[in-house]
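First comes the structure, then the notes that go with it.
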Amino acid sequence: MKAMDKNIVLIGFMGSGKSKIARELGKRLKREVVATDDLAEAREGMSIHEIFKTKGEAYFRDVEQGIVKDVSLRRGIIIDCGGGVVCAKENLKILKANGILFYLRATPEVIYQRIKHETHRPLLKTPDPLGCIKELYQQRLPLYNQADHVIDANDASIEGPVVEILKRIK
């Protein structure tokens, strides 16, 4: 399969810039962008926060895995994955089968600064959100590092990561 037929798959922790970078890549490459979280919300008819609250994280991860299977069958799209997509190891295998995985790496401190005022993040509903971020980050890091490419996403600008991804798919 030619590189341009492969999906560009963005993984990384919440707040790492996946959605913004995916949209910019979509514009520059004239490719469709699909966000697994948006598809989950549409499929369930409620926000991720509501799904977590009413049906639990395990239920959400099952929905997410079904969506990953569906979108991975497509070709030449950009897939903006939810931060926890790596929690089901099978998702990585499915996404890699027809995609090039890019892990957008940002430190827990940078992530916290970006998302501390957001109210729609179910995993941040805790007295110590930075501590929670650090713990989840460490748990997921070995999974994120299974990506084909690691891209530094600590900078406030998305230009660096976008250019780096474009270079690596050429």
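Labels used: A, B, ... for chains in the order of the structure tokens, numbers from 1 for residues in each chain, and numbers from 1 for ligands as shown.
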Practice item. Would you please give, as a PyMOL selection string, all residues of segment 42-128 of chain A that DSSP assigns to strand (DSSP E or B) based on the backbone? Key: chain A and resi 78-80+99-105
Env of Asp5 of chain A: 12 Å cut, atoms = only C-alpha atoms, seq-sep filter 2 positions within chain, self excluded. Answer as a PDB file with all heavy atoms, in the first residue's frame.
ATOM      1  N   MET A   1       0.848  -1.194   0.000  1.00  0.00           N
ATOM      2  CA  MET A   1       0.000   0.000   0.000  1.00  0.00           C
ATOM      3  C   MET A   1       0.881   1.241   0.000  1.00  0.00           C
ATOM      4  O   MET A   1       1.817   1.331   0.782  1.00  0.00           O
ATOM      5  CB  MET A   1      -0.880  -0.041   1.260  1.00  0.00           C
ATOM      6  CG  MET A   1      -1.834   1.091   1.343  1.00  0.00           C
ATOM      7  SD  MET A   1      -2.829   1.132   2.854  1.00  0.00           S
ATOM      8  CE  MET A   1      -3.177  -0.563   3.179  1.00  0.00           C
ATOM      9  N   LYS A   2       0.595   2.183  -0.873  1.00  0.00           N
ATOM     10  CA  LYS A   2       1.354   3.424  -0.943  1.00  0.00           C
ATOM     11  C   LYS A   2       1.083   4.267   0.310  1.00  0.00           C
ATOM     12  O   LYS A   2      -0.002   4.217   0.879  1.00  0.00           O
ATOM     13  CB  LYS A   2       0.954   4.211  -2.189  1.00  0.00           C
ATOM     14  CG  LYS A   2       1.321   3.516  -3.493  1.00  0.00           C
ATOM     15  CD  LYS A   2       1.139   4.428  -4.693  1.00  0.00           C
ATOM     16  CE  LYS A   2      -0.138   5.173  -4.664  1.00  0.00           C
ATOM     17  NZ  LYS A   2      -1.023   5.080  -5.781  1.00  0.00           N
ATOM     18  N   ALA A   3       2.066   5.077   0.670  1.00  0.00           N
ATOM     19  CA  ALA A   3       1.948   5.899   1.874  1.00  0.00           C
ATOM     20  C   ALA A   3       0.724   6.814   1.827  1.00  0.00           C
ATOM     21  O   ALA A   3       0.066   7.027   2.843  1.00  0.00           O
ATOM     22  CB  ALA A   3       3.214   6.724   2.081  1.00  0.00           C
ATOM     23  N   ASN A   7      -3.805   5.644   6.249  1.00  0.00           N
ATOM     24  CA  ASN A   7      -4.378   6.650   7.139  1.00  0.00           C
ATOM     25  C   ASN A   7      -3.255   7.281   7.957  1.00  0.00           C
ATOM     26  O   ASN A   7      -2.268   6.613   8.283  1.00  0.00           O
ATOM     27  CB  ASN A   7      -5.395   6.001   8.083  1.00  0.00           C
ATOM     28  CG  ASN A   7      -6.586   5.445   7.331  1.00  0.00           C
ATOM     29  OD1 ASN A   7      -7.005   6.006   6.325  1.00  0.00           O
ATOM     30  ND2 ASN A   7      -7.133   4.342   7.808  1.00  0.00           N
ATOM     31  N   ILE A   8      -3.429   8.536   8.300  1.00  0.00           N
ATOM     32  CA  ILE A   8      -2.545   9.206   9.245  1.00  0.00           C
ATOM     33  C   ILE A   8      -3.296   9.168  10.574  1.00  0.00           C
ATOM     34  O   ILE A   8      -4.404   9.703  10.675  1.00  0.00           O
ATOM     35  CB  ILE A   8      -2.254  10.657   8.813  1.00  0.00           C
ATOM     36  CG1 ILE A   8      -1.487  10.659   7.488  1.00  0.00           C
ATOM     37  CG2 ILE A   8      -1.479  11.390   9.909  1.00  0.00           C
ATOM     38  CD1 ILE A   8      -1.337  12.032   6.871  1.00  0.00           C
ATOM     39  N   LEU A  29      -3.419  18.532   3.267  1.00  0.00           N
ATOM     40  CA  LEU A  29      -3.362  17.318   2.435  1.00  0.00           C
ATOM     41  C   LEU A  29      -4.669  17.064   1.681  1.00  0.00           C
ATOM     42  O   LEU A  29      -4.767  16.103   0.928  1.00  0.00           O
ATOM     43  CB  LEU A  29      -3.033  16.102   3.310  1.00  0.00           C
ATOM     44  CG  LEU A  29      -1.656  16.106   3.966  1.00  0.00           C
ATOM     45  CD1 LEU A  29      -1.561  14.988   5.000  1.00  0.00           C
ATOM     46  CD2 LEU A  29      -0.569  15.972   2.913  1.00  0.00           C
ATOM     47  N   ARG A  31      -7.465  15.971   2.900  1.00  0.00           N
ATOM     48  CA  ARG A  31      -7.952  14.664   3.343  1.00  0.00           C
ATOM     49  C   ARG A  31      -9.050  14.862   4.381  1.00  0.00           C
ATOM     50  O   ARG A  31      -9.036  15.822   5.148  1.00  0.00           O
ATOM     51  CB  ARG A  31      -6.843  13.852   4.020  1.00  0.00           C
ATOM     52  CG  ARG A  31      -5.788  13.307   3.104  1.00  0.00           C
ATOM     53  CD  ARG A  31      -5.016  12.257   3.863  1.00  0.00           C
ATOM     54  NE  ARG A  31      -3.823  11.800   3.187  1.00  0.00           N
ATOM     55  CZ  ARG A  31      -3.150  10.726   3.584  1.00  0.00           C
ATOM     56  NH1 ARG A  31      -3.557  10.024   4.618  1.00  0.00           N
ATOM     57  NH2 ARG A  31      -2.070  10.348   2.940  1.00  0.00           N
ATOM     58  N   SER A  72     -10.761   2.317  10.636  1.00  0.00           N
ATOM     59  CA  SER A  72      -9.516   1.723  10.144  1.00  0.00           C
ATOM     60  C   SER A  72      -9.692   0.999   8.821  1.00  0.00           C
ATOM     61  O   SER A  72      -8.711   0.731   8.127  1.00  0.00           O
ATOM     62  CB  SER A  72      -8.938   0.760  11.180  1.00  0.00           C
ATOM     63  OG  SER A  72      -8.482   1.489  12.298  1.00  0.00           O
ATOM     64  N   LEU A  73     -10.919   0.703   8.467  1.00  0.00           N
ATOM     65  CA  LEU A  73     -11.187   0.050   7.188  1.00  0.00           C
ATOM     66  C   LEU A  73     -11.088   1.041   6.027  1.00  0.00           C
ATOM     67  O   LEU A  73     -10.980   0.649   4.876  1.00  0.00           O
ATOM     68  CB  LEU A  73     -12.578  -0.593   7.193  1.00  0.00           C
ATOM     69  CG  LEU A  73     -12.759  -1.755   8.174  1.00  0.00           C
ATOM     70  CD1 LEU A  73     -14.217  -2.187   8.214  1.00  0.00           C
ATOM     71  CD2 LEU A  73     -11.844  -2.916   7.808  1.00  0.00           C
ATOM     72  N   ARG A  74     -11.152   2.323   6.346  1.00  0.00           N
ATOM     73  CA  ARG A  74     -11.106   3.356   5.311  1.00  0.00           C
ATOM     74  C   ARG A  74      -9.665   3.619   4.889  1.00  0.00           C
ATOM     75  O   ARG A  74      -8.728   3.168   5.542  1.00  0.00           O
ATOM     76  CB  ARG A  74     -11.781   4.613   5.844  1.00  0.00           C
ATOM     77  CG  ARG A  74     -13.242   4.267   6.216  1.00  0.00           C
ATOM     78  CD  ARG A  74     -14.070   5.416   6.640  1.00  0.00           C
ATOM     79  NE  ARG A  74     -14.075   6.477   5.665  1.00  0.00           N
ATOM     80  CZ  ARG A  74     -14.375   7.730   5.973  1.00  0.00           C
ATOM     81  NH1 ARG A  74     -14.711   8.054   7.203  1.00  0.00           N
ATOM     82  NH2 ARG A  74     -14.371   8.668   5.049  1.00  0.00           N
ATOM     83  N   ARG A  75      -9.497   4.341   3.802  1.00  0.00           N
ATOM     84  CA  ARG A  75      -8.155   4.616   3.284  1.00  0.00           C
ATOM     85  C   ARG A  75      -7.947   6.112   3.090  1.00  0.00           C
ATOM     86  O   ARG A  75      -8.843   6.820   2.651  1.00  0.00           O
ATOM     87  CB  ARG A  75      -7.981   3.948   1.917  1.00  0.00           C
ATOM     88  CG  ARG A  75      -8.081   2.452   1.948  1.00  0.00           C
ATOM     89  CD  ARG A  75      -6.927   1.836   1.163  1.00  0.00           C
ATOM     90  NE  ARG A  75      -6.976   0.408   0.974  1.00  0.00           N
ATOM     91  CZ  ARG A  75      -6.838  -0.498   1.941  1.00  0.00           C
ATOM     92  NH1 ARG A  75      -6.714  -0.119   3.177  1.00  0.00           N
ATOM     93  NH2 ARG A  75      -6.845  -1.790   1.668  1.00  0.00           N
ATOM     94  N   GLY A  76      -6.728   6.568   3.396  1.00  0.00           N
ATOM     95  CA  GLY A  76      -6.341   7.936   3.087  1.00  0.00           C
ATOM     96  C   GLY A  76      -6.994   9.015   3.920  1.00  0.00           C
ATOM     97  O   GLY A  76      -7.091  10.158   3.489  1.00  0.00           O
ATOM     98  N   ILE A  77      -7.432   8.671   5.130  1.00  0.00           N
ATOM     99  CA  ILE A  77      -8.037   9.678   6.011  1.00  0.00           C
ATOM    100  C   ILE A  77      -7.082  10.003   7.156  1.00  0.00           C
ATOM    101  O   ILE A  77      -6.076   9.321   7.356  1.00  0.00           O
ATOM    102  CB  ILE A  77      -9.408   9.211   6.568  1.00  0.00           C
ATOM    103  CG1 ILE A  77      -9.277   7.927   7.404  1.00  0.00           C
ATOM    104  CG2 ILE A  77     -10.413   9.034   5.437  1.00  0.00           C
ATOM    105  CD1 ILE A  77     -10.546   7.519   8.130  1.00  0.00           C
ATOM    106  N   ILE A  78      -7.426  11.034   7.890  1.00  0.00           N
ATOM    107  CA  ILE A  78      -6.682  11.391   9.097  1.00  0.00           C
ATOM    108  C   ILE A  78      -7.580  11.033  10.274  1.00  0.00           C
ATOM    109  O   ILE A  78      -8.734  11.473  10.339  1.00  0.00           O
ATOM    110  CB  ILE A  78      -6.318  12.884   9.093  1.00  0.00           C
ATOM    111  CG1 ILE A  78      -5.395  13.176   7.899  1.00  0.00           C
ATOM    112  CG2 ILE A  78      -5.667  13.285  10.421  1.00  0.00           C
ATOM    113  CD1 ILE A  78      -5.206  14.633   7.598  1.00  0.00           C
ATOM    114  N   ALA A  97      -2.642  -1.434  11.011  1.00  0.00           N
ATOM    115  CA  ALA A  97      -2.838  -2.283   9.833  1.00  0.00           C
ATOM    116  C   ALA A  97      -2.988  -1.452   8.556  1.00  0.00           C
ATOM    117  O   ALA A  97      -2.528  -1.859   7.500  1.00  0.00           O
ATOM    118  CB  ALA A  97      -4.049  -3.188  10.032  1.00  0.00           C
ATOM    119  N   ASN A  98      -3.632  -0.289   8.672  1.00  0.00           N
ATOM    120  CA  ASN A  98      -3.877   0.535   7.497  1.00  0.00           C
ATOM    121  C   ASN A  98      -3.508   1.995   7.771  1.00  0.00           C
ATOM    122  O   ASN A  98      -4.054   2.895   7.172  1.00  0.00           O
ATOM    123  CB  ASN A  98      -5.354   0.420   7.090  1.00  0.00           C
ATOM    124  CG  ASN A  98      -5.634   1.086   5.757  1.00  0.00           C
ATOM    125  OD1 ASN A  98      -4.782   1.176   4.904  1.00  0.00           O
ATOM    126  ND2 ASN A  98      -6.843   1.581   5.605  1.00  0.00           N
ATOM    127  N   GLY A  99      -2.594   2.192   8.717  1.00  0.00           N
ATOM    128  CA  GLY A  99      -2.259   3.566   9.059  1.00  0.00           C
ATOM    129  C   GLY A  99      -0.833   3.732   9.536  1.00  0.00           C
ATOM    130  O   GLY A  99      -0.159   2.766   9.877  1.00  0.00           O
ATOM    131  N   ILE A 100      -0.411   4.973   9.541  1.00  0.00           N
ATOM    132  CA  ILE A 100       0.880   5.364  10.096  1.00  0.00           C
ATOM    133  C   ILE A 100       0.558   6.099  11.394  1.00  0.00           C
ATOM    134  O   ILE A 100      -0.136   7.120  11.365  1.00  0.00           O
ATOM    135  CB  ILE A 100       1.651   6.287   9.139  1.00  0.00           C
ATOM    136  CG1 ILE A 100       1.805   5.627   7.765  1.00  0.00           C
ATOM    137  CG2 ILE A 100       3.016   6.649   9.732  1.00  0.00           C
ATOM    138  CD1 ILE A 100       2.271   6.582   6.673  1.00  0.00           C
ATOM    139  N   ILE A 169       5.726  11.632   6.125  1.00  0.00           N
ATOM    140  CA  ILE A 169       4.859  10.840   5.234  1.00  0.00           C
ATOM    141  C   ILE A 169       5.253  10.957   3.780  1.00  0.00           C
ATOM    142  O   ILE A 169       4.730  10.233   2.943  1.00  0.00           O
ATOM    143  CB  ILE A 169       3.351  11.189   5.404  1.00  0.00           C
ATOM    144  CG1 ILE A 169       3.084  12.643   5.040  1.00  0.00           C
ATOM    145  CG2 ILE A 169       2.870  10.841   6.803  1.00  0.00           C
ATOM    146  CD1 ILE A 169       1.621  12.973   4.870  1.00  0.00           C
ATOM    147  N   LYS A 170       6.140  11.871   3.476  1.00  0.00           N
ATOM    148  CA  LYS A 170       6.560  12.059   2.076  1.00  0.00           C
ATOM    149  C   LYS A 170       7.433  10.905   1.618  1.00  0.00           C
ATOM    150  O   LYS A 170       8.226  10.376   2.323  1.00  0.00           O
ATOM    151  CB  LYS A 170       7.307  13.383   1.903  1.00  0.00           C
ATOM    152  CG  LYS A 170       6.444  14.599   2.155  1.00  0.00           C
ATOM    153  CD  LYS A 170       5.424  14.802   1.051  1.00  0.00           C
ATOM    154  CE  LYS A 170       4.656  16.075   1.229  1.00  0.00           C
ATOM    155  NZ  LYS A 170       3.237  15.951   1.287  1.00  0.00           N
TER     156      LYS A 170
END
Practice item. Find the spatial neighbours of segment 33-42 of chain A, counting only C-alpha atoms, within a cut-off of 9 Å - ignore same-chain residues fewer than 3 positions away - and output them as an NGL selection string. Key: :A and (19 or 22-23 or 25-26 or 45-48 or 51 or 60 or 63-64 or 67-68 or 71 or 77-82 or 85)
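Nearest residue to Glu109 of chain A among A:Lys134, A:Arg140, A:Arg28, A:Arg121 is A:Lys134, counting only C-alpha atoms.
Going from atom CA of Leu136 of chain A to atom CA of Leu101 of chain A covers 20.0 Å.
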Check your understanding: Which of these, A:Val162, A:Arg168, A:Lys93, A:Thr54, has the shortest distance to Lys27 of chain A once you count only C-alpha atoms?
Key ->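 Nearest to Lys27 of chain A: A:Val162.
Using only C-alpha atoms, the shortest contact distance between Leu95 of chain A and any of A:Ala153, A:Ile21, A:Ala147, A:Val163 is found at A:Ala147.
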